[in-house]
file upload_28.txt (compact mmCIF, C-alpha atoms)
# COMPACT_ATOMS: atom_id res chain seq x y z
CA MET L 1 -17.83 13.23 -24.29
CA ASN L 2 -18.87 9.87 -25.63
CA ARG L 3 -18.71 7.29 -22.85
CA MET L 4 -18.38 4.47 -25.30
CA SER L 5 -15.62 5.88 -27.47
CA ARG L 6 -12.56 3.69 -27.50
CA VAL L 7 -9.29 5.41 -26.85
CA GLU L 8 -6.50 5.07 -29.32
CA PRO L 9 -3.87 2.87 -27.79
CA ILE L 10 -0.39 4.10 -27.24
CA HIS L 11 2.47 1.67 -27.45
CA GLN L 12 4.96 3.40 -25.31
CA GLY L 13 6.81 0.45 -23.84
CA GLY L 14 7.34 1.02 -20.15
CA LEU L 15 6.95 -2.59 -19.06
CA ALA L 16 10.63 -2.68 -18.12
CA LYS L 17 9.96 0.02 -15.50
CA TYR L 18 7.48 -2.27 -13.72
CA ILE L 19 9.82 -5.26 -13.83
CA ILE L 20 12.74 -3.21 -12.47
CA GLY L 21 10.44 -1.78 -9.77
CA TYR L 22 9.29 -5.26 -8.75
CA GLY L 23 12.89 -6.50 -8.65
CA LEU L 24 13.97 -3.57 -6.50
CA SER L 25 11.07 -3.97 -4.07
CA LEU L 26 11.83 -7.70 -3.69
CA VAL L 27 15.52 -6.94 -3.04
CA PHE L 28 14.76 -4.23 -0.44
CA THR L 29 12.26 -6.53 1.30
CA ALA L 30 14.70 -9.45 1.30
CA ILE L 31 17.46 -7.27 2.82
CA ALA L 32 15.08 -5.94 5.51
CA PHE L 33 13.88 -9.43 6.48
CA TRP L 34 17.38 -10.92 6.38
CA LEU L 35 18.83 -8.16 8.61
CA ALA L 36 15.92 -8.21 11.08
CA LEU L 37 15.46 -11.97 11.41
CA GLY L 38 19.22 -12.59 11.60
CA HIS L 39 19.66 -9.83 14.24
CA ALA L 40 22.54 -8.76 11.99
CA MET L 41 23.48 -5.62 13.98
CA SER L 42 22.68 -3.87 17.22
CA VAL L 43 19.12 -2.66 17.69
CA ARG L 44 19.32 1.09 17.12
CA PRO L 45 21.27 1.08 13.81
CA LEU L 46 19.17 -1.88 12.66
CA ILE L 47 15.90 0.03 13.19
CA ILE L 48 17.35 2.99 11.26
CA VAL L 49 18.41 0.73 8.36
CA LEU L 50 14.93 -0.89 8.32
CA PHE L 51 13.29 2.54 8.02
CA VAL L 52 15.68 3.60 5.24
CA LEU L 53 14.75 0.40 3.36
CA ALA L 54 11.02 1.15 3.92
CA ALA L 55 11.54 4.68 2.55
CA LEU L 56 13.27 3.24 -0.54
CA GLN L 57 10.31 0.89 -1.05
CA ILE L 58 7.90 3.82 -0.90
CA GLY L 59 10.03 5.54 -3.55
CA VAL L 60 9.80 2.45 -5.77
CA GLN L 61 5.98 2.33 -5.45
CA LEU L 62 5.61 6.07 -6.10
CA PHE L 63 7.99 6.43 -9.04
CA PHE L 64 7.91 3.01 -10.70
CA PHE L 65 4.26 1.97 -10.13
CA MET L 66 2.14 5.02 -9.24
CA HIS L 67 3.54 7.42 -11.87
CA VAL L 68 3.69 10.23 -9.32
CA THR L 69 5.67 12.42 -11.74
CA GLU L 70 2.90 12.27 -14.37
CA GLY L 71 -0.27 14.31 -14.35
CA ASP L 72 -2.30 17.06 -15.90
CA GLY L 73 -0.76 20.48 -15.25
CA PRO L 74 1.26 21.46 -12.17
CA PRO L 75 2.04 18.59 -9.75
CA TYR L 76 -0.53 19.60 -7.10
CA HIS L 77 -1.05 15.92 -6.25
CA ALA L 78 2.64 15.49 -5.40
CA ALA L 79 2.55 18.58 -3.12
CA LEU L 80 -0.56 17.20 -1.35
CA LEU L 81 1.04 13.80 -0.96
CA LEU L 82 4.15 15.36 0.55
CA LEU L 83 1.99 17.38 2.98
CA GLY L 84 0.08 14.20 3.89
CA MET L 85 3.38 12.39 4.57
CA ILE L 86 4.67 15.24 6.76
CA PHE L 87 1.46 15.22 8.85
CA THR L 88 1.52 11.42 9.09
CA PHE L 89 5.10 11.28 10.35
CA ALA L 90 4.52 14.28 12.64
CA VAL L 91 1.52 12.57 14.29
CA ALA L 92 3.34 9.25 14.74
CA LEU L 93 6.73 10.58 15.88
CA MET L 94 5.39 13.38 18.11
CA SER L 95 2.99 10.94 19.81
CA MET L 96 5.97 8.74 20.70
CA TRP L 97 7.97 11.76 21.86
CA ILE L 98 5.17 13.19 24.03
CA MET L 99 4.25 9.85 25.59
CA ALA L 100 7.90 9.12 26.42
CA PHE L 101 7.69 11.67 29.28
CA GLY L 102 6.93 9.95 32.55
CA THR L 103 5.40 6.82 31.09
CA ASN L 104 6.73 3.40 30.35
CA VAL L 105 6.77 3.84 26.60
CA SER L 106 10.11 2.44 25.58
CA TYR L 107 11.87 1.95 22.28
CA MET Q 1 -17.93 18.76 -18.99
CA ALA Q 2 -14.56 19.96 -20.16
CA SER Q 3 -13.55 18.73 -23.56
CA VAL Q 4 -9.87 19.53 -23.44
CA THR Q 5 -8.10 16.48 -24.77
CA SER Q 6 -4.61 15.63 -25.76
CA HIS Q 7 -3.73 12.59 -27.77
CA LEU Q 8 -0.15 12.74 -26.62
CA ARG Q 9 -1.14 11.71 -23.10
CA THR Q 10 -1.79 8.28 -21.67
CA PRO Q 11 -5.52 7.28 -21.93
CA GLU Q 12 -6.51 8.14 -18.34
CA TYR Q 13 -5.26 11.74 -18.70
CA ARG Q 14 -6.75 12.52 -22.12
CA SER Q 15 -9.83 14.29 -20.80
CA ALA Q 16 -9.44 17.17 -18.35
CA TYR Q 17 -12.52 15.89 -16.46
CA GLN Q 18 -10.96 12.46 -15.83
CA ALA Q 19 -7.59 14.06 -15.02
CA LEU Q 20 -9.31 16.16 -12.33
CA LYS Q 21 -10.80 13.00 -10.84
CA ILE Q 22 -7.31 11.47 -10.64
CA THR Q 23 -6.04 14.57 -8.78
CA GLY Q 24 -9.03 14.20 -6.44
CA PHE Q 25 -8.04 10.63 -5.75
CA TRP Q 26 -4.50 11.71 -4.78
CA VAL Q 27 -6.17 14.05 -2.25
CA PHE Q 28 -8.03 11.05 -0.82
CA LEU Q 29 -4.76 9.08 -0.55
CA ALA Q 30 -3.11 11.99 1.33
CA THR Q 31 -5.97 11.99 3.88
CA ASP Q 32 -6.16 8.19 4.15
CA MET Q 33 -2.46 8.35 5.03
CA LEU Q 34 -3.43 10.48 8.05
CA LEU Q 35 -5.86 7.79 9.23
CA PHE Q 36 -3.00 5.30 9.20
CA GLY Q 37 -0.69 7.90 10.79
CA CYS Q 38 -3.01 8.06 13.82
CA LEU Q 39 -3.23 4.26 14.07
CA PHE Q 40 0.56 3.93 13.80
CA ALA Q 41 0.94 6.58 16.52
CA THR Q 42 -1.41 4.61 18.80
CA TYR Q 43 0.47 1.37 18.12
CA LEU Q 44 3.89 2.94 18.71
CA VAL Q 45 2.74 4.37 22.06
CA LEU Q 46 0.99 1.19 23.28
CA ARG Q 47 3.40 -1.35 21.77
CA THR Q 48 4.94 -2.34 25.11
CA HIS Q 49 1.66 -2.33 27.10
CA THR Q 50 1.08 -6.06 27.00
CA ASP Q 51 -0.47 -6.29 30.49
CA GLY Q 52 1.22 -9.64 31.15
CA GLY Q 53 -0.49 -11.09 28.07
CA PRO Q 54 0.97 -12.29 24.77
CA THR Q 55 3.88 -10.22 23.45
CA ALA Q 56 4.86 -9.39 19.87
CA THR Q 57 7.38 -12.25 19.59
CA GLN Q 58 4.91 -14.76 21.00
CA ILE Q 59 2.23 -14.06 18.39
CA PHE Q 60 4.16 -12.97 15.27
CA ASP Q 61 4.54 -15.86 12.85
CA VAL Q 62 7.62 -15.13 10.70
CA PRO Q 63 6.87 -17.42 7.69
CA GLY Q 64 3.26 -16.16 7.74
CA PHE Q 65 4.01 -12.45 7.52
CA THR Q 66 6.87 -13.05 5.08
CA LEU Q 67 4.45 -14.78 2.72
CA GLU Q 68 1.81 -12.05 3.26
CA THR Q 69 4.44 -9.45 2.30
CA PHE Q 70 5.42 -11.41 -0.81
CA PHE Q 71 1.78 -11.77 -1.93
CA LEU Q 72 1.00 -8.07 -1.49
CA LEU Q 73 4.25 -6.90 -3.16
CA THR Q 74 3.57 -9.18 -6.12
CA SER Q 75 -0.06 -8.03 -6.40
CA SER Q 76 1.12 -4.41 -6.45
CA PHE Q 77 3.41 -5.35 -9.37
CA THR Q 78 0.67 -7.22 -11.28
CA GLY Q 79 -1.69 -4.26 -10.67
CA GLY Q 80 0.96 -2.09 -12.30
CA ILE Q 81 1.01 -4.45 -15.29
CA ALA Q 82 -2.80 -4.03 -15.52
CA THR Q 83 -2.28 -0.24 -15.74
CA TRP Q 84 0.36 -0.82 -18.41
CA ALA Q 85 -2.02 -3.08 -20.40
CA MET Q 86 -4.79 -0.46 -20.06
CA ARG Q 87 -2.41 2.17 -21.44
CA SER Q 88 -1.70 -0.01 -24.47
CA GLY Q 89 -5.47 -0.25 -25.02
CA ARG Q 90 -5.66 -4.03 -24.59
CA THR Q 91 -8.95 -4.92 -22.86
CA LYS Q 92 -8.42 -8.66 -22.33
CA LEU Q 93 -4.87 -8.23 -21.10
CA THR Q 94 -6.02 -5.55 -18.63
CA VAL Q 95 -8.79 -7.80 -17.31
CA SER Q 96 -6.41 -10.78 -17.00
CA TRP Q 97 -3.84 -8.86 -14.95
CA MET Q 98 -6.59 -7.41 -12.74
CA LEU Q 99 -7.72 -11.00 -12.09
CA VAL Q 100 -4.15 -12.04 -11.17
CA THR Q 101 -3.91 -9.02 -8.87
CA MET Q 102 -7.16 -9.97 -7.13
CA LEU Q 103 -5.99 -13.57 -6.69
CA PHE Q 104 -2.85 -12.40 -4.86
CA GLY Q 105 -5.05 -10.02 -2.83
CA VAL Q 106 -7.34 -12.88 -1.81
CA ALA Q 107 -4.31 -15.02 -0.88
CA PHE Q 108 -3.03 -12.17 1.30
CA LEU Q 109 -6.40 -11.80 3.05
CA LEU Q 110 -6.76 -15.55 3.66
CA LEU Q 111 -3.30 -15.65 5.28
CA GLU Q 112 -4.12 -12.63 7.42
CA ALA Q 113 -7.45 -14.14 8.50
CA THR Q 114 -5.63 -17.38 9.43
CA GLU Q 115 -3.08 -15.36 11.42
CA PHE Q 116 -5.80 -13.46 13.30
CA ALA Q 117 -7.78 -16.65 13.99
CA HIS Q 118 -4.64 -18.32 15.36
CA ASP Q 119 -3.94 -15.30 17.59
CA VAL Q 120 -7.45 -15.42 19.02
CA MET Q 121 -7.19 -19.21 19.60
CA ILE Q 122 -4.12 -18.73 21.81
CA GLY Q 123 -5.86 -16.00 23.82
CA ALA Q 124 -4.41 -12.97 22.00
CA THR Q 125 -7.78 -11.27 21.52
CA ILE Q 126 -8.35 -7.60 20.72
CA GLY Q 127 -9.49 -6.96 24.31
CA ARG Q 128 -6.58 -8.72 26.06
CA SER Q 129 -4.18 -5.75 26.23
CA ALA Q 130 -3.59 -2.24 24.88
CA PHE Q 131 -0.86 -3.69 22.64
CA LEU Q 132 -3.29 -6.15 21.06
CA SER Q 133 -6.06 -3.53 20.68
CA ALA Q 134 -3.64 -1.27 18.81
CA PHE Q 135 -2.25 -4.20 16.78
CA PHE Q 136 -5.61 -5.53 15.60
CA THR Q 137 -6.96 -2.04 14.86
CA LEU Q 138 -3.93 -1.05 12.77
CA VAL Q 139 -3.47 -4.31 10.86
CA GLY Q 140 -7.25 -4.89 10.65
CA THR Q 141 -7.86 -1.43 9.16
CA HIS Q 142 -5.29 -2.23 6.48
CA GLY Q 143 -6.97 -5.62 5.90
CA SER Q 144 -10.40 -3.97 5.52
CA HIS Q 145 -8.87 -1.56 2.99
CA VAL Q 146 -7.61 -4.57 1.02
CA SER Q 147 -11.10 -6.16 1.18
CA ILE Q 148 -12.73 -2.97 -0.12
CA GLY Q 149 -10.03 -2.74 -2.80
CA LEU Q 150 -10.83 -6.28 -3.97
CA VAL Q 151 -14.56 -5.53 -4.39
CA TRP Q 152 -13.72 -2.25 -6.12
CA MET Q 153 -11.23 -3.87 -8.48
CA PHE Q 154 -13.76 -6.60 -9.33
CA LEU Q 155 -16.43 -4.00 -10.19
CA THR Q 156 -13.93 -2.00 -12.28
CA MET Q 157 -12.94 -5.19 -14.09
CA LEU Q 158 -16.62 -5.85 -14.99
CA GLN Q 159 -16.87 -2.33 -16.44
CA VAL Q 160 -13.73 -2.86 -18.53
CA LEU Q 161 -15.16 -6.17 -19.77
CA LYS Q 162 -18.40 -4.47 -20.74
CA ARG Q 163 -17.15 -1.20 -22.24
CA GLY Q 164 -13.52 -1.81 -23.18
CA ILE Q 165 -10.87 0.84 -22.58
CA THR Q 166 -12.69 4.19 -22.79
CA PRO Q 167 -11.43 7.47 -21.24
CA GLN Q 168 -13.70 6.69 -18.29
CA THR Q 169 -12.72 3.06 -17.70
CA ALA Q 170 -9.05 3.98 -18.29
CA ARG Q 171 -9.28 6.47 -15.40
CA LYS Q 172 -11.06 3.88 -13.23
CA VAL Q 173 -8.38 1.24 -13.85
CA PHE Q 174 -5.66 3.79 -13.11
CA VAL Q 175 -7.28 4.97 -9.85
CA VAL Q 176 -8.09 1.53 -8.43
CA ASN Q 177 -4.47 0.56 -9.04
CA LEU Q 178 -3.24 3.76 -7.35
CA TYR Q 179 -5.27 2.64 -4.32
CA TRP Q 180 -3.79 -0.84 -4.54
CA HIS Q 181 -0.18 0.47 -4.69
CA PHE Q 182 -0.99 2.74 -1.73
CA LEU Q 183 -2.09 -0.30 0.30
CA ASP Q 184 1.28 -1.88 -0.45
CA VAL Q 185 2.98 1.31 0.80
CA VAL Q 186 1.01 1.03 4.08
CA TRP Q 187 1.89 -2.67 4.35
CA VAL Q 188 5.62 -1.86 3.96
CA PHE Q 189 5.29 0.34 7.05
CA ILE Q 190 3.28 -2.34 8.89
CA PHE Q 191 5.90 -5.02 8.31
CA THR Q 192 8.67 -2.57 9.27
CA VAL Q 193 7.06 -0.93 12.33
CA VAL Q 194 4.98 -3.86 13.62
CA TYR Q 195 6.42 -7.19 12.50
CA LEU Q 196 10.16 -6.67 11.91
CA SER Q 197 10.55 -4.17 14.78
CA GLY Q 198 8.56 -6.58 16.97
CA VAL Q 199 11.06 -9.34 16.19
CA VAL Q 200 14.10 -7.04 16.60
CA LEU Q 201 13.04 -5.32 19.83
CA SER Q 202 11.98 -8.48 21.67
call {"tool": "encode", "arguments": {"input": "upload_28.txt", "output": "structure tokens"}}
result
Amino acid sequence: MNRMSRVEPIHQGGLAKYIIGYGLSLVFTAIAFWLALGHAMSVRPLIIVLFVLAALQIGVQLFFFMHVTEGDGPPYHAALLLLGMIFTFAVALMSMWIMAFGTNVSY
Amino acid sequence: MASVTSHLRTPEYRSAYQALKITGFWVFLATDMLLFGCLFATYLVLRTHTDGGPTATQIFDVPGFTLETFFLLTSSFTGGIATWAMRSGRTKLTVSWMLVTMLFGVAFLLLEATEFAHDVMIGATIGRSAFLSAFFTLVGTHGSHVSIGLVWMFLTMLQVLKRGITPQTARKVFVVNLYWHFLDVVWVFIFTVVYLSGVVLS
């Protein structure tokens, strides 16, 4: 393969996707900050809403910016990413759960 | 080297060899996520162990981390625009948006450094309490990722300037921006788990 060969450009549009993604991420962030800083509801539901908003933001990054649905062949990368996420949440949540026994870890 | 190409694909996926490298980078992101998973676990467990020292509400500066969030979100967006420009084969436009992305990245890092310096000035050092050790390790690891990302993006930008958009530089631009978006994903969790929860649970 020639390292110097220029690729033929493709004009496929797609800029709108980025602008919509940016708009959505700003809106989700604004809602999260507004709810948290205004102590808009009681603590437990508020924490749940904040995590739902964070999950939505992750979705925006993955689908609007990172093109997670694109790729060469079967979506092995998406399967790996999902596995990585499961392990990540398992480590974080199980650590909290385990350490909640007989210690002063509080939520 | 495989020579399977398709001209229907976006530039970074046109050679099977470059496409394989992109898949490899997704594997790295999945494992890097685990590193942050462990640091988040440590923070969540030690969050309340302030040892009579500064607490979350005493050190978290709301306008500061709001602005940090805005800078990083915006840089993730401008990084996306750089990928878009790369896909349309426009060298100068790609380089310009990478520059904008790096500027927002630098602004983020300067704010974070100011925040850390202020914390240390008021006695909230990394050795003061388990809470602060976990806080500085988690947020600092993210900050060092951003620093590495800036150097990496700068080097990639130089290659694009020199060679234009080739199958190789197209893949490099795509991958460095994947990394950059991933850092924004981690930051979303940091501002949710550390900063906003810190303000809410005080």
call {"tool": "atom_distance", "arguments": {"input": "upload_28.txt", "atom1": "CA of Ile31 in chain L", "atom2": "CA of Val45 in chain Q"}}
result
26.9 Å
call {"tool": "closest_residue", "arguments": {"input": "upload_28.txt", "among": "L:Phe63, L:Trp34, L:Phe28, L:Tyr22", "to": "chain Q", "atoms": "all atoms listed in the file"}}
result
L:Tyr22
call {"tool": "closest_residue", "arguments": {"input": "upload_28.txt", "among": "L:Ile20, L:Leu83, L:Ala40, L:Ile47", "to": "Tyr195 in chain Q", "atoms": "only C-alpha atoms"}}
result
L:Ile47
call {"tool": "residues_near_point", "arguments": {"input": "upload_28.txt", "point": "(-1.6, 6.3, 10.3)", "cutoff": "6 Å", "atoms": "all atoms listed in the file", "output": "PyMOL selection string"}}
result
chain Q and resi 33-40
call {"tool": "closest_residue", "arguments": {"input": "upload_28.txt", "among": "Q:Ile81, Q:Leu99, Q:Leu178, Q:Val146", "to": "Leu158 in chain Q", "atoms": "all atoms listed in the file"}}
result
Q:Leu99
call {"tool": "residues_around", "arguments": {"input": "upload_28.txt", "residues": "Leu53 in chain L", "least_positions_apart": "4", "cutoff": "7 Å", "atoms": "all atoms listed in the file", "output": "NGL selection string"}}
result
:L and (28 or 32 or 49 or 57)
call {"tool": "atom_distance", "arguments": {"input": "upload_28.txt", "atom1": "CA of Thr94 in chain Q", "atom2": "CA of Thr78 in chain Q"}}
result
10.1 Å
call {"tool": "atom_distance", "arguments": {"input": "upload_28.txt", "atom1": "CA of Thr83 in chain Q", "atom2": "CA of Arg9 in chain Q"}}
result
14.1 Å
call {"tool": "closest_residue", "arguments": {"input": "upload_28.txt", "among": "Q:Gly64, Q:Gly105, Q:Gly198, Q:Gly149", "to": "chain L", "atoms": "only C-alpha atoms"}}
result
Q:Gly198
call {"tool": "closest_residue", "arguments": {"input": "upload_28.txt", "among": "L:Ile98, L:Ala79, L:Val91, L:Leu35", "to": "chain Q", "atoms": "all atoms listed in the file"}}
result
L:Val91
call {"tool": "residues_near_point", "arguments": {"input": "upload_28.txt", "point": "(2.0, 13.6, -4.2)", "cutoff": "9 Å", "atoms": "only C-alpha atoms", "output": "list in words"}}
result
Leu62, Val68, Thr69, Pro75, Tyr76, His77, Ala78, Ala79, Leu80, Leu81, Leu82, Leu83, Gly84 and Met85 of chain L; Trp26, Val27, Leu29 and Ala30 of chain Q
call {"tool": "residues_around", "arguments": {"input": "upload_28.txt", "residues": "Ser202 in chain Q", "least_positions_apart": "3", "cutoff": "9 Å", "atoms": "only C-alpha atoms", "output": "MDAnalysis selection string"}}
result
chainID Q and resid 55:57 197:199
call {"tool": "closest_residue", "arguments": {"input": "upload_28.txt", "among": "L:Gln61, L:Pro45, L:Phe101, L:Ala16", "to": "chain Q", "atoms": "all atoms listed in the file"}}
result
L:Gln61
call {"tool": "residues_around", "arguments": {"input": "upload_28.txt", "residues": "Leu161 in chain Q", "least_positions_apart": "5", "cutoff": "8 Å", "atoms": "all atoms listed in the file", "output": "list in words"}}
result
Thr91, Lys92 and Val95 of chain Q
